[in-house]
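File shown: protein24.csv (CSV, C-alpha atoms).
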chain,number,residue,atom,x,y,z
A,1,MET,CA,0.0,0.0,0.0
A,2,ASN,CA,1.2,3.5,-0.8
A,3,LEU,CA,3.0,5.0,2.3
A,4,LYS,CA,1.0,8.2,2.3
A,5,VAL,CA,-2.3,6.2,2.3
A,6,ARG,CA,-1.0,4.1,5.2
A,7,LEU,CA,-0.1,7.1,7.2
A,8,ALA,CA,-3.4,8.8,6.3
A,9,PHE,CA,-5.3,5.8,7.6
A,10,MET,CA,-3.2,5.9,10.8
A,11,ASN,CA,-4.1,9.6,11.3
A,12,PHE,CA,-7.8,8.8,10.5
A,13,LEU,CA,-7.9,6.3,13.3
A,14,GLN,CA,-5.8,8.4,15.7
A,15,PHE,CA,-8.3,11.2,15.7
A,16,ALA,CA,-11.4,9.1,15.3
A,17,VAL,CA,-10.6,7.7,18.7
A,18,TRP,CA,-10.9,11.2,20.2
A,19,GLY,CA,-13.9,12.3,18.1
A,20,ALA,CA,-16.0,9.5,19.5
A,21,TYR,CA,-16.4,11.1,22.9
A,22,LEU,CA,-14.7,14.5,23.0
A,23,THR,CA,-17.7,16.7,22.0
A,24,CYS,CA,-20.5,14.5,23.4
A,25,MET,CA,-19.1,13.3,26.7
A,26,GLY,CA,-20.7,16.3,28.4
A,27,ILE,CA,-24.1,15.0,27.3
A,28,TYR,CA,-23.5,11.6,28.8
A,29,LEU,CA,-22.2,13.0,32.0
A,30,THR,CA,-25.2,15.3,32.3
A,31,ASN,CA,-27.6,12.4,31.8
A,32,ALA,CA,-25.6,10.4,34.4
A,33,GLY,CA,-26.0,13.1,37.0
A,34,MET,CA,-22.4,14.3,36.8
A,35,SER,CA,-22.9,17.7,35.1
A,36,THR,CA,-20.9,19.4,37.9
A,37,HIS,CA,-17.9,17.2,37.0
A,38,ILE,CA,-17.7,17.9,33.2
A,39,GLY,CA,-14.9,20.4,33.9
A,40,ALA,CA,-12.8,17.8,35.8
A,41,PHE,CA,-13.1,15.3,32.9
A,42,PHE,CA,-11.8,17.9,30.4
A,43,ALA,CA,-9.2,19.3,32.8
A,44,MET,CA,-7.7,15.8,33.1
A,45,GLN,CA,-6.7,16.0,29.4
A,46,GLY,CA,-4.7,19.1,30.1
A,47,ILE,CA,-3.2,17.8,33.3
A,48,VAL,CA,-1.8,14.6,31.6
A,49,SER,CA,-0.6,16.7,28.6
A,50,ILE,CA,1.8,18.5,30.9
A,51,PHE,CA,4.0,15.5,31.5
A,52,MET,CA,2.9,12.3,29.7
A,53,PRO,CA,3.9,13.3,26.1
A,54,ALA,CA,7.4,14.3,27.2
A,55,LEU,CA,7.7,11.1,29.3
A,56,MET,CA,6.6,8.8,26.4
A,57,GLY,CA,8.8,10.8,24.0
A,58,ILE,CA,11.9,9.8,26.2
A,59,VAL,CA,10.8,6.2,26.1
A,60,ALA,CA,10.4,6.3,22.3
A,61,ASP,CA,13.7,8.0,21.8
A,62,ARG,CA,15.7,5.6,23.9
A,63,TRP,CA,14.0,2.2,24.3
A,64,ILE,CA,10.8,1.4,22.4
A,65,PRO,CA,10.4,2.3,18.7
A,66,ALA,CA,7.8,5.0,18.3
A,67,GLN,CA,5.3,2.9,16.2
A,68,ARG,CA,5.5,0.1,18.9
A,69,LEU,CA,4.9,2.6,21.7
A,70,LEU,CA,2.1,4.2,19.8
A,71,GLY,CA,0.4,0.8,19.6
A,72,LEU,CA,1.0,0.0,23.3
A,73,CYS,CA,-0.4,3.3,24.4
A,74,HIS,CA,-3.5,2.8,22.3
A,75,LEU,CA,-3.9,-0.7,23.6
A,76,LEU,CA,-3.9,0.5,27.2
A,77,ALA,CA,-6.0,3.6,26.3
A,78,GLY,CA,-8.6,1.4,24.6
A,79,ALA,CA,-8.7,-1.2,27.3
A,80,PHE,CA,-9.4,1.4,30.1
A,81,MET,CA,-11.9,3.3,27.9
A,82,MET,CA,-13.7,-0.1,27.4
A,83,GLY,CA,-13.5,-0.5,31.2
A,84,ALA,CA,-15.2,2.9,31.6
A,85,ALA,CA,-17.9,1.9,29.1
A,86,ALA,CA,-18.5,-1.5,30.9
A,87,TYR,CA,-18.7,0.2,34.3
A,88,GLY,CA,-21.1,2.8,33.0
A,89,TYR,CA,-23.3,0.0,31.5
A,90,TYR,CA,-23.4,-2.2,34.5
A,91,ALA,CA,-23.7,0.6,37.1
A,92,GLY,CA,-26.5,2.3,35.2
A,93,ALA,CA,-28.1,5.0,37.2
A,94,ASN,CA,-25.7,4.2,40.1
A,95,VAL,CA,-22.6,5.2,38.2
A,96,THR,CA,-20.2,7.1,40.5
A,97,PHE,CA,-17.8,9.9,39.7
A,98,ALA,CA,-14.8,8.3,41.4
A,99,THR,CA,-14.8,5.0,39.5
A,100,LEU,CA,-15.7,6.4,36.1
A,101,PHE,CA,-13.2,9.3,36.4
A,102,THR,CA,-10.4,7.0,37.4
A,103,LEU,CA,-10.9,4.6,34.4
A,104,TYR,CA,-11.3,7.6,32.0
A,105,SER,CA,-8.2,9.4,33.4
A,106,VAL,CA,-5.9,6.4,32.9
A,107,SER,CA,-7.2,6.0,29.4
A,108,VAL,CA,-6.6,9.7,28.6
A,109,ALA,CA,-3.2,9.5,30.2
A,110,PHE,CA,-2.1,6.9,27.6
A,111,TYR,CA,-4.1,8.5,24.7
A,112,MET,CA,-2.7,12.1,24.9
A,113,PRO,CA,0.9,11.1,24.2
A,114,THR,CA,-0.2,9.3,21.0
A,115,LEU,CA,-0.9,12.7,19.5
A,116,ALA,CA,2.8,13.4,19.4
A,117,LEU,CA,3.8,9.8,18.8
A,118,SER,CA,1.7,9.5,15.7
A,119,ASN,CA,3.4,12.6,14.3
A,120,SER,CA,6.8,11.1,15.1
A,121,VAL,CA,5.9,7.9,13.3
A,122,ALA,CA,4.7,9.9,10.2
A,123,TYR,CA,7.8,12.1,10.2
A,124,SER,CA,10.1,9.2,10.5
A,125,ALA,CA,8.4,7.1,7.8
A,126,LEU,CA,8.4,10.1,5.3
A,127,THR,CA,12.0,11.0,6.0
A,128,GLN,CA,13.1,7.3,5.5
A,129,ALA,CA,11.3,7.3,2.2
A,130,GLY,CA,13.1,10.5,1.1
A,131,MET,CA,10.0,12.6,1.2
A,132,ASP,CA,9.6,16.3,2.3
A,133,THR,CA,7.7,16.4,5.6
A,134,VAL,CA,6.8,20.0,5.2
A,135,LYS,CA,5.1,19.3,1.9
A,136,ASP,CA,3.8,15.8,2.3
A,137,PHE,CA,2.7,15.7,6.0
A,138,PRO,CA,-0.2,18.3,6.0
A,139,PRO,CA,-2.4,16.5,3.4
A,140,ILE,CA,-1.9,13.3,5.5
A,141,ARG,CA,-2.8,15.1,8.8
A,142,VAL,CA,-6.0,16.4,7.2
A,143,PHE,CA,-7.3,12.8,7.3
A,144,GLY,CA,-7.1,13.0,11.1
A,145,THR,CA,-9.7,15.7,11.2
A,146,VAL,CA,-11.8,13.7,8.7
A,147,GLY,CA,-11.6,10.7,11.1
A,148,PHE,CA,-12.6,13.0,14.0
A,149,ILE,CA,-15.7,14.2,12.0
A,150,CYS,CA,-16.7,10.7,10.8
A,151,SER,CA,-16.5,9.4,14.4
A,152,MET,CA,-18.7,12.3,15.6
A,153,TRP,CA,-21.3,11.6,13.0
A,154,PHE,CA,-21.3,7.9,13.6
A,155,VAL,CA,-21.8,8.3,17.4
A,156,ASP,CA,-24.6,10.8,16.8
A,157,ILE,CA,-26.5,8.9,14.1
A,158,MET,CA,-26.2,5.6,16.1
A,159,GLY,CA,-27.7,7.3,19.1
A,160,PHE,CA,-24.6,6.9,21.3
A,161,LYS,CA,-24.0,10.5,22.2
A,162,ALA,CA,-26.0,10.3,25.4
A,163,ASN,CA,-24.7,7.0,26.8
A,164,GLU,CA,-21.6,5.0,27.5
A,165,LEU,CA,-21.5,3.4,24.0
A,166,GLN,CA,-19.5,6.4,22.8
A,167,PHE,CA,-16.6,5.0,25.0
A,168,VAL,CA,-17.0,1.6,23.3
A,169,VAL,CA,-16.5,3.2,19.9
A,170,SER,CA,-13.5,5.0,21.1
A,171,GLY,CA,-12.0,1.9,22.8
A,172,ALA,CA,-12.6,-0.3,19.8
A,173,LEU,CA,-10.9,2.2,17.5
A,174,SER,CA,-7.9,2.4,19.8
A,175,ILE,CA,-7.5,-1.3,19.8
A,176,LEU,CA,-7.9,-1.4,16.0
A,177,LEU,CA,-5.1,1.2,15.7
A,178,PHE,CA,-3.0,-0.9,18.1
A,179,LEU,CA,-3.3,-3.8,15.6
A,180,TYR,CA,-2.7,-1.5,12.7
A,181,THR,CA,0.6,-0.2,14.1
A,182,PHE,CA,2.2,-3.7,13.4
A,183,THR,CA,1.9,-2.8,9.7
A,184,LEU,CA,3.7,0.6,10.0
A,185,PRO,CA,7.4,1.2,9.1
A,186,ALA,CA,9.8,0.8,11.9
A,187,CYS,CA,11.1,3.9,13.7
A,188,PRO,CA,14.7,4.0,14.9
A,189,VAL,CA,15.7,4.4,18.5
A,190,SER,CA,18.8,6.3,19.6
A,191,HIS,CA,21.8,4.2,20.5
A,192,ASP,CA,23.8,7.2,21.6
A,193,ASP,CA,25.2,6.6,25.1
A,194,LYS,CA,25.3,10.4,25.6
A,195,HIS,CA,21.6,10.8,26.2
A,196,LYS,CA,20.2,14.2,26.9
A,197,SER,CA,19.5,15.2,30.5
A,198,LEU,CA,16.0,15.1,31.8
A,199,VAL,CA,16.0,18.9,31.7
A,200,ASP,CA,16.6,18.7,27.9
A,201,ALA,CA,14.3,15.8,27.3
A,202,PHE,CA,11.4,17.6,29.0
A,203,GLY,CA,12.2,20.8,27.2
A,204,LEU,CA,12.7,22.7,30.4
A,205,ARG,CA,15.5,24.8,28.9
A,206,ALA,CA,12.8,26.5,26.9
A,207,PHE,CA,11.8,28.2,30.1
A,208,THR,CA,14.9,30.4,29.8
A,209,LEU,CA,12.8,32.2,27.1
A,210,PHE,CA,10.9,33.9,29.9
A,211,ARG,CA,13.9,36.1,30.4
A,212,GLN,CA,12.9,37.8,27.1
A,213,LYS,CA,10.1,40.2,27.7
A,214,LYS,CA,8.6,39.6,24.3
A,215,MET,CA,8.5,35.8,24.7
A,216,ALA,CA,7.3,36.0,28.3
A,217,ILE,CA,4.4,38.1,27.2
A,218,PHE,CA,3.6,35.8,24.4
A,219,PHE,CA,3.7,32.6,26.5
A,220,VAL,CA,1.5,34.2,29.2
A,221,PHE,CA,-1.1,35.2,26.6
A,222,SER,CA,-0.8,31.7,25.1
A,223,MET,CA,-1.9,30.3,28.5
A,224,LEU,CA,-4.7,32.9,28.8
A,225,LEU,CA,-6.0,32.0,25.3
A,226,GLY,CA,-5.6,28.3,26.1
A,227,VAL,CA,-8.3,28.8,28.8
A,228,SER,CA,-10.9,29.1,25.9
A,229,LEU,CA,-9.8,25.9,24.1
A,230,GLN,CA,-11.9,23.2,25.8
A,231,ILE,CA,-14.9,25.2,27.0
A,232,THR,CA,-17.1,24.5,24.0
A,233,ASN,CA,-15.9,20.9,23.7
A,234,GLY,CA,-17.2,20.3,27.2
A,235,PHE,CA,-20.3,22.4,27.4
A,236,ALA,CA,-21.6,23.3,23.9
A,237,THR,CA,-23.5,20.1,23.2
A,238,PRO,CA,-25.0,19.8,26.7
A,239,PHE,CA,-26.1,23.4,26.1
A,240,ILE,CA,-27.7,22.7,22.7
A,241,GLU,CA,-29.4,19.5,24.1
A,242,SER,CA,-30.9,21.6,27.0
A,243,PHE,CA,-33.3,23.1,24.4
A,244,ALA,CA,-35.1,19.8,24.3
A,245,LYS,CA,-37.0,20.8,27.4
A,246,ILE,CA,-38.5,23.7,25.4
A,247,PRO,CA,-41.4,22.4,23.2
A,248,GLU,CA,-40.8,24.8,20.3
A,249,PHE,CA,-37.2,23.6,20.0
A,250,ALA,CA,-37.5,19.9,21.0
A,251,ASP,CA,-37.9,18.6,17.4
A,252,THR,CA,-35.3,20.8,15.7
A,253,PHE,CA,-32.4,19.2,13.9
A,254,GLY,CA,-29.8,20.9,16.2
A,255,VAL,CA,-31.3,19.3,19.3
A,256,LYS,CA,-31.7,15.9,17.8
A,257,HIS,CA,-28.3,15.9,16.2
A,258,SER,CA,-26.3,18.4,18.3
A,259,VAL,CA,-23.0,16.5,17.6
A,260,ILE,CA,-23.5,16.7,13.8
A,261,LEU,CA,-24.2,20.4,14.2
A,262,TYR,CA,-21.1,20.8,16.3
A,263,SER,CA,-19.0,19.0,13.7
A,264,ILE,CA,-19.2,22.1,11.5
A,265,SER,CA,-16.5,23.4,13.8
A,266,GLN,CA,-14.1,20.6,12.7
A,267,ILE,CA,-15.1,21.0,9.0
A,268,SER,CA,-14.3,24.8,9.4
A,269,GLU,CA,-11.0,23.9,11.1
A,270,THR,CA,-9.9,21.9,8.1
A,271,LEU,CA,-10.8,24.7,5.6
A,272,CYS,CA,-9.3,27.5,7.7
A,273,ILE,CA,-5.9,26.0,7.6
A,274,LEU,CA,-5.8,26.8,3.9
A,275,MET,CA,-6.5,30.5,4.6
A,276,ILE,CA,-3.6,31.0,7.0
A,277,PRO,CA,-0.8,31.6,4.4
A,278,PHE,CA,-2.9,34.5,2.8
A,279,PHE,CA,-3.6,36.1,6.1
A,280,MET,CA,0.0,35.7,7.4
A,281,LYS,CA,1.3,37.4,4.2
A,282,HIS,CA,-1.1,40.3,4.2
A,283,PHE,CA,-1.6,41.0,8.0
A,284,GLY,CA,1.4,39.7,9.9
A,285,ILE,CA,1.6,37.4,12.9
A,286,LYS,CA,0.3,39.7,15.5
A,287,ASN,CA,-2.8,40.7,13.6
A,288,VAL,CA,-3.5,37.0,12.7
A,289,MET,CA,-3.3,36.1,16.4
A,290,LEU,CA,-5.6,39.0,17.2
A,291,ILE,CA,-8.1,37.8,14.6
A,292,ALA,CA,-8.1,34.5,16.4
A,293,MET,CA,-8.6,36.1,19.8
A,294,PHE,CA,-11.6,38.2,18.7
A,295,ALA,CA,-13.0,35.1,16.9
A,296,TRP,CA,-13.3,33.5,20.3
A,297,VAL,CA,-15.4,36.4,21.4
A,298,LEU,CA,-17.8,35.8,18.5
A,299,ARG,CA,-17.6,32.0,19.1
A,300,PHE,CA,-19.0,32.4,22.6
A,301,GLY,CA,-21.2,35.4,22.0
A,302,LEU,CA,-23.1,33.8,19.1
A,303,LEU,CA,-23.8,30.7,21.2
A,304,GLY,CA,-25.3,32.9,23.9
A,305,ALA,CA,-27.5,34.8,21.4
A,306,GLY,CA,-28.6,31.9,19.3
A,307,ASP,CA,-31.1,29.0,19.5
A,308,PRO,CA,-31.8,25.8,17.5
A,309,GLY,CA,-34.9,27.4,15.9
A,310,SER,CA,-35.0,30.7,14.0
A,311,LYS,CA,-31.6,31.7,15.3
A,312,VAL,CA,-29.9,28.5,14.4
A,313,TRP,CA,-27.8,30.5,11.9
A,314,MET,CA,-26.0,32.0,14.9
A,315,PHE,CA,-25.0,28.5,16.1
A,316,VAL,CA,-23.8,27.7,12.6
A,317,ALA,CA,-21.8,30.9,12.4
A,318,SER,CA,-20.3,30.1,15.8
A,319,MET,CA,-19.2,26.7,14.5
A,320,ILE,CA,-17.7,28.2,11.3
A,321,ILE,CA,-15.8,30.9,13.3
A,322,TYR,CA,-14.3,28.1,15.4
A,323,GLY,CA,-11.9,27.3,12.6
A,324,VAL,CA,-10.5,30.8,12.7
A,325,ALA,CA,-10.4,30.9,16.5
A,326,PHE,CA,-8.6,27.6,16.8
A,327,ASP,CA,-6.3,27.4,13.8
A,328,PHE,CA,-5.2,31.0,13.4
A,329,PHE,CA,-3.7,31.2,16.9
A,330,ASN,CA,-2.3,27.7,17.1
A,331,ILE,CA,-0.6,27.8,13.8
A,332,SER,CA,0.4,31.4,13.7
A,333,GLY,CA,1.6,31.1,17.3
A,334,SER,CA,3.7,28.1,16.4
A,335,LEU,CA,5.2,30.0,13.5
A,336,PHE,CA,6.0,32.9,15.8
A,337,VAL,CA,7.8,30.6,18.2
A,338,ASP,CA,9.8,29.1,15.3
A,339,LYS,CA,10.9,32.5,14.0
A,340,ALA,CA,11.6,34.1,17.4
A,341,THR,CA,13.7,31.3,19.1
A,342,ASP,CA,17.2,30.1,18.6
A,343,PRO,CA,17.4,26.9,16.5
A,344,CYS,CA,18.8,24.8,19.4
A,345,LEU,CA,15.6,25.7,21.5
A,346,ARG,CA,13.0,25.5,18.8
A,347,SER,CA,11.7,22.0,19.6
A,348,SER,CA,11.6,22.7,23.3
A,349,ALA,CA,9.9,26.1,22.7
A,350,GLN,CA,7.2,24.4,20.6
A,351,GLY,CA,6.7,22.0,23.5
A,352,LEU,CA,6.4,24.9,25.9
A,353,PHE,CA,3.9,26.6,23.6
A,354,MET,CA,1.7,23.4,23.7
A,355,LEU,CA,2.2,23.1,27.5
A,356,MET,CA,1.0,26.7,28.1
A,357,THR,CA,-2.1,26.3,25.7
A,358,ASN,CA,-3.2,22.7,25.8
A,359,GLY,CA,-1.7,21.9,29.2
A,360,LEU,CA,-2.0,24.7,31.8
A,361,GLY,CA,-4.5,26.9,29.8
A,362,ALA,CA,-6.9,24.2,28.9
A,363,THR,CA,-6.8,22.8,32.4
A,364,ILE,CA,-7.5,26.1,34.1
A,365,GLY,CA,-10.2,26.9,31.5
A,366,SER,CA,-12.1,23.6,32.0
A,367,LEU,CA,-12.2,24.0,35.8
A,368,ALA,CA,-13.0,27.7,35.7
A,369,ALA,CA,-15.8,27.1,33.1
A,370,GLN,CA,-17.3,24.5,35.4
A,371,GLU,CA,-17.4,27.0,38.2
A,372,VAL,CA,-19.1,29.6,36.0
A,373,VAL,CA,-21.7,27.0,34.9
A,374,ASP,CA,-22.3,25.8,38.5
A,375,LEU,CA,-22.8,29.4,39.7
A,376,HIS,CA,-25.4,29.9,37.1
A,377,THR,CA,-27.3,26.7,37.7
A,378,VAL,CA,-30.3,26.7,40.1
A,379,GLY,CA,-32.6,23.8,40.5
A,380,GLY,CA,-31.0,21.9,37.7
A,381,VAL,CA,-31.6,24.8,35.2
A,382,THR,CA,-28.6,26.6,33.8
A,383,GLN,CA,-28.7,30.2,32.7
A,384,TRP,CA,-26.6,29.4,29.6
A,385,GLN,CA,-26.8,32.8,28.0
A,386,SER,CA,-25.1,34.4,31.0
A,387,CYS,CA,-22.4,31.8,30.9
A,388,TRP,CA,-21.6,32.3,27.2
A,389,TYR,CA,-21.5,36.1,27.6
A,390,ILE,CA,-19.1,35.7,30.5
A,391,PHE,CA,-16.8,33.5,28.4
A,392,ALA,CA,-17.1,36.1,25.5
A,393,SER,CA,-16.2,38.9,27.9
A,394,TYR,CA,-13.1,37.0,29.1
A,395,ALA,CA,-12.0,36.5,25.5
A,396,LEU,CA,-12.5,40.1,24.7
A,397,ILE,CA,-10.4,41.3,27.7
A,398,VAL,CA,-7.6,38.9,26.7
A,399,GLY,CA,-7.8,40.2,23.1
A,400,VAL,CA,-7.7,43.9,24.0
A,401,ALA,CA,-4.9,43.3,26.5
A,402,PHE,CA,-2.9,41.3,23.9
A,403,ALA,CA,-3.3,44.1,21.3
A,404,LEU,CA,-2.0,46.7,23.8
A,405,VAL,CA,0.8,44.7,25.4
A,406,PHE,CA,2.3,42.5,22.8
A,407,ARG,CA,4.5,44.4,20.4
A,408,PRO,CA,6.8,42.2,18.2
A,409,LYS,CA,9.2,43.7,15.9
A,410,LYS,CA,7.8,44.9,12.5
A,411,GLU,CA,8.0,42.1,9.9
A,412,LYS,CA,9.6,42.7,6.6
A,413,ALA,CA,7.1,42.9,3.8
A,414,THR,CA,6.7,39.6,1.9
A,415,LYS,CA,6.8,39.8,-1.8
With the file now loaded, output its structure as structure tokens.
Amino acid sequence: MNLKVRLAFMNFLQFAVWGAYLTCMGIYLTNAGMSTHIGAFFAMQGIVSIFMPALMGIVADRWIPAQRLLGLCHLLAGAFMMGAAAYGYYAGANVTFATLFTLYSVSVAFYMPTLALSNSVAYSALTQAGMDTVKDFPPIRVFGTVGFICSMWFVDIMGFKANELQFVVSGALSILLFLYTFTLPACPVSHDDKHKSLVDAFGLRAFTLFRQKKMAIFFVFSMLLGVSLQITNGFATPFIESFAKIPEFADTFGVKHSVILYSISQISETLCILMIPFFMKHFGIKNVMLIAMFAWVLRFGLLGAGDPGSKVWMFVASMIIYGVAFDFFNISGSLFVDKATDPCLRSSAQGLFMLMTNGLGATIGSLAAQEVVDLHTVGGVTQWQSCWYIFASYALIVGVAFALVFRPKKEKATK
């Protein structure tokens, strides 16, 4: 089979595993009486992202080939996700937070490192085949988003979005990917006795960048923006499903298929990647990052103003804007880090960027969003509009502060 096709299928499965539950787990938790714990479930992804990818990276570099470790991590992630599904099924209405959260947390702890490991496998295979990773990898990676969307649609159409069967789909896909890794090209391990120190391996030297005012400001704002990343993943679909209690909205497409409606976000994400070169060329890095920040304001604000009926266009607009909000900052921020750091620190600096956004930022955001939702929930009824406007106000404050404080050097005009 063509190498690119093989790697594309790997990426398809890699993100299909995540798509099976990431955007609808909040619906299941709400139905299981654990709506007050949604933030904790999503925060766990950020917590394990702080240390597990670096730890597994060391193992892959020194002892276990990346494609083997990718498979082992998926086997364990899949097994514990199946365990969470089995517990949810047999416990029924008596499901408890402690047991479900423990099984889920172990699964996520082994899944999150696979995001980096799958990239390593693809880079290694393409390099060994004499291909250009910059040119050949992006089209392969797009199939990851396709897999995420397909998994979302499957779970929604099959009626799994509100029960533990979403975990079964995720676990089964993880185990399938474990088996598939035996067909992937072998990745080399380092036999150099002069291994890097743990400080280097964990990318801790990148923290010296905080000595530079410009970089310190950038990383702090990366964390502040990262607060917004997981809020809609955790709370958007439970919010849309809450309209089922209102007769005029109960039979609308959005309520019946909230996950499919939400998948417009991922479709937009795929398309917005193609727009970034144009915006980077004509507006510069700071302005592109600002566009992303103010896109978050619209993302949250439109959710607060819309409904699944006559104002469903606001929901759709919010989903489309997500592509700009997510991609423009993540990719332009990554490019800024690449240009602004010394070559010997670039990889570590990229790791620090991810730690600040998807690690610390997303963790803080998930827990803080849960507090906001809890404070606006009385008698089991949540004042969602107020919540979304609070999130939008936060994003607006971050955007304005970033515009005033962050002042990178003027970029040379691009011909």
Selection near stretch 38-52 of chain A, 9 Å with all atoms listed in the file, sequence-local residues under 5 positions removed, as a ChimeraX atom specification = /A:22,25-26,29-30,57,101,104-105,108-110,112-113,202,230-231,233-235,354-371
Include C-alpha atoms and write out the residues we just selected as a JSON list (two decimals), in the coordinates of the input.
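Once everything was written out, this is result20.json:
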[["chain", "number", "residue", "atom", "x", "y", "z"],
["A", 22, "LEU", "CA", -14.70, 14.50, 23.00],
["A", 25, "MET", "CA", -19.10, 13.30, 26.70],
["A", 26, "GLY", "CA", -20.70, 16.30, 28.40],
["A", 29, "LEU", "CA", -22.20, 13.00, 32.00],
["A", 30, "THR", "CA", -25.20, 15.30, 32.30],
["A", 57, "GLY", "CA", 8.80, 10.80, 24.00],
["A", 101, "PHE", "CA", -13.20, 9.30, 36.40],
["A", 104, "TYR", "CA", -11.30, 7.60, 32.00],
["A", 105, "SER", "CA", -8.20, 9.40, 33.40],
["A", 108, "VAL", "CA", -6.60, 9.70, 28.60],
["A", 109, "ALA", "CA", -3.20, 9.50, 30.20],
["A", 110, "PHE", "CA", -2.10, 6.90, 27.60],
["A", 112, "MET", "CA", -2.70, 12.10, 24.90],
["A", 113, "PRO", "CA", 0.90, 11.10, 24.20],
["A", 202, "PHE", "CA", 11.40, 17.60, 29.00],
["A", 230, "GLN", "CA", -11.90, 23.20, 25.80],
["A", 231, "ILE", "CA", -14.90, 25.20, 27.00],
["A", 233, "ASN", "CA", -15.90, 20.90, 23.70],
["A", 234, "GLY", "CA", -17.20, 20.30, 27.20],
["A", 235, "PHE", "CA", -20.30, 22.40, 27.40],
["A", 354, "MET", "CA", 1.70, 23.40, 23.70],
["A", 355, "LEU", "CA", 2.20, 23.10, 27.50],
["A", 356, "MET", "CA", 1.00, 26.70, 28.10],
["A", 357, "THR", "CA", -2.10, 26.30, 25.70],
["A", 358, "ASN", "CA", -3.20, 22.70, 25.80],
["A", 359, "GLY", "CA", -1.70, 21.90, 29.20],
["A", 360, "LEU", "CA", -2.00, 24.70, 31.80],
["A", 361, "GLY", "CA", -4.50, 26.90, 29.80],
["A", 362, "ALA", "CA", -6.90, 24.20, 28.90],
["A", 363, "THR", "CA", -6.80, 22.80, 32.40],
["A", 364, "ILE", "CA", -7.50, 26.10, 34.10],
["A", 365, "GLY", "CA", -10.20, 26.90, 31.50],
["A", 366, "SER", "CA", -12.10, 23.60, 32.00],
["A", 367, "LEU", "CA", -12.20, 24.00, 35.80],
["A", 368, "ALA", "CA", -13.00, 27.70, 35.70],
["A", 369, "ALA", "CA", -15.80, 27.10, 33.10],
["A", 370, "GLN", "CA", -17.30, 24.50, 35.40],
["A", 371, "GLU", "CA", -17.40, 27.00, 38.20]]
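The coordinates place atom CA of A:Val255 at 5.2 Å from atom CA of A:Glu241.
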Residue neighbourhood A:Cys387, 10 Å, all atoms listed in the file, exclusion window fewer than 4 positions, as a ChimeraX atom specification = /A:300-301,303-304,369-370,372-377,382-383,391-393
Convert the current residue selection to file output with C-alpha atoms, as an mmCIF file, in the coordinates of the input.
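Result written to out_27.cif:
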data_model
loop_
_atom_site.group_PDB
_atom_site.id
_atom_site.type_symbol
_atom_site.label_atom_id
_atom_site.label_comp_id
_atom_site.auth_asym_id
_atom_site.auth_seq_id
_atom_site.Cartn_x
_atom_site.Cartn_y
_atom_site.Cartn_z
ATOM 1 C CA PHE A 300 -19.000 32.400 22.600
ATOM 2 C CA GLY A 301 -21.200 35.400 22.000
ATOM 3 C CA LEU A 303 -23.800 30.700 21.200
ATOM 4 C CA GLY A 304 -25.300 32.900 23.900
ATOM 5 C CA ALA A 369 -15.800 27.100 33.100
ATOM 6 C CA GLN A 370 -17.300 24.500 35.400
ATOM 7 C CA VAL A 372 -19.100 29.600 36.000
ATOM 8 C CA VAL A 373 -21.700 27.000 34.900
ATOM 9 C CA ASP A 374 -22.300 25.800 38.500
ATOM 10 C CA LEU A 375 -22.800 29.400 39.700
ATOM 11 C CA HIS A 376 -25.400 29.900 37.100
ATOM 12 C CA THR A 377 -27.300 26.700 37.700
ATOM 13 C CA THR A 382 -28.600 26.600 33.800
ATOM 14 C CA GLN A 383 -28.700 30.200 32.700
ATOM 15 C CA PHE A 391 -16.800 33.500 28.400
ATOM 16 C CA ALA A 392 -17.100 36.100 25.500
ATOM 17 C CA SER A 393 -16.200 38.900 27.900
#
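The nearest approach to A:Lys281 among the residues A:Val324, A:Thr133, A:Ser332, A:Thr99, with only C-alpha atoms taken into account, belongs to A:Ser332.
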If you count only C-alpha atoms, which residues fall within 10 Å of A:Leu70, apart from same-chain ones fewer than 3 positions away, as a short mmCIF file (atom, residue, chain, number, x, y, z; two decimals) with C-alpha atoms, in the frame of the given file?
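This is the output file selection-v9.cif:
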data_model
loop_
_atom_site.label_atom_id
_atom_site.label_comp_id
_atom_site.auth_asym_id
_atom_site.auth_seq_id
_atom_site.Cartn_x
_atom_site.Cartn_y
_atom_site.Cartn_z
CA GLN A 14 -5.80 8.40 15.70
CA MET A 56 6.60 8.80 26.40
CA ALA A 60 10.40 6.30 22.30
CA ILE A 64 10.80 1.40 22.40
CA PRO A 65 10.40 2.30 18.70
CA ALA A 66 7.80 5.00 18.30
CA GLN A 67 5.30 2.90 16.20
CA CYS A 73 -0.40 3.30 24.40
CA HIS A 74 -3.50 2.80 22.30
CA LEU A 75 -3.90 -0.70 23.60
CA PHE A 110 -2.10 6.90 27.60
CA TYR A 111 -4.10 8.50 24.70
CA PRO A 113 0.90 11.10 24.20
CA THR A 114 -0.20 9.30 21.00
CA LEU A 115 -0.90 12.70 19.50
CA ALA A 116 2.80 13.40 19.40
CA LEU A 117 3.80 9.80 18.80
CA SER A 118 1.70 9.50 15.70
CA SER A 120 6.80 11.10 15.10
CA VAL A 121 5.90 7.90 13.30
CA LEU A 177 -5.10 1.20 15.70
CA PHE A 178 -3.00 -0.90 18.10
CA THR A 181 0.60 -0.20 14.10
#
Could you check how far atom CA of A:Ile291 sits from atom CA of A:Ala325, in Å to one decimal?
->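 Result for atom CA of A:Ile291 versus atom CA of A:Ala325: 7.5 Å, one decimal.
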In Å, with one decimal, what is the gap from atom CA of A:Ile27 to atom CA of A:Phe80?
-> 20.2 Å
Shortest contact to A:Phe143, candidates A:Ala244, A:Met293, A:Ala84, A:Ala8, atoms counted all atoms listed in the file, goes to A:Ala8
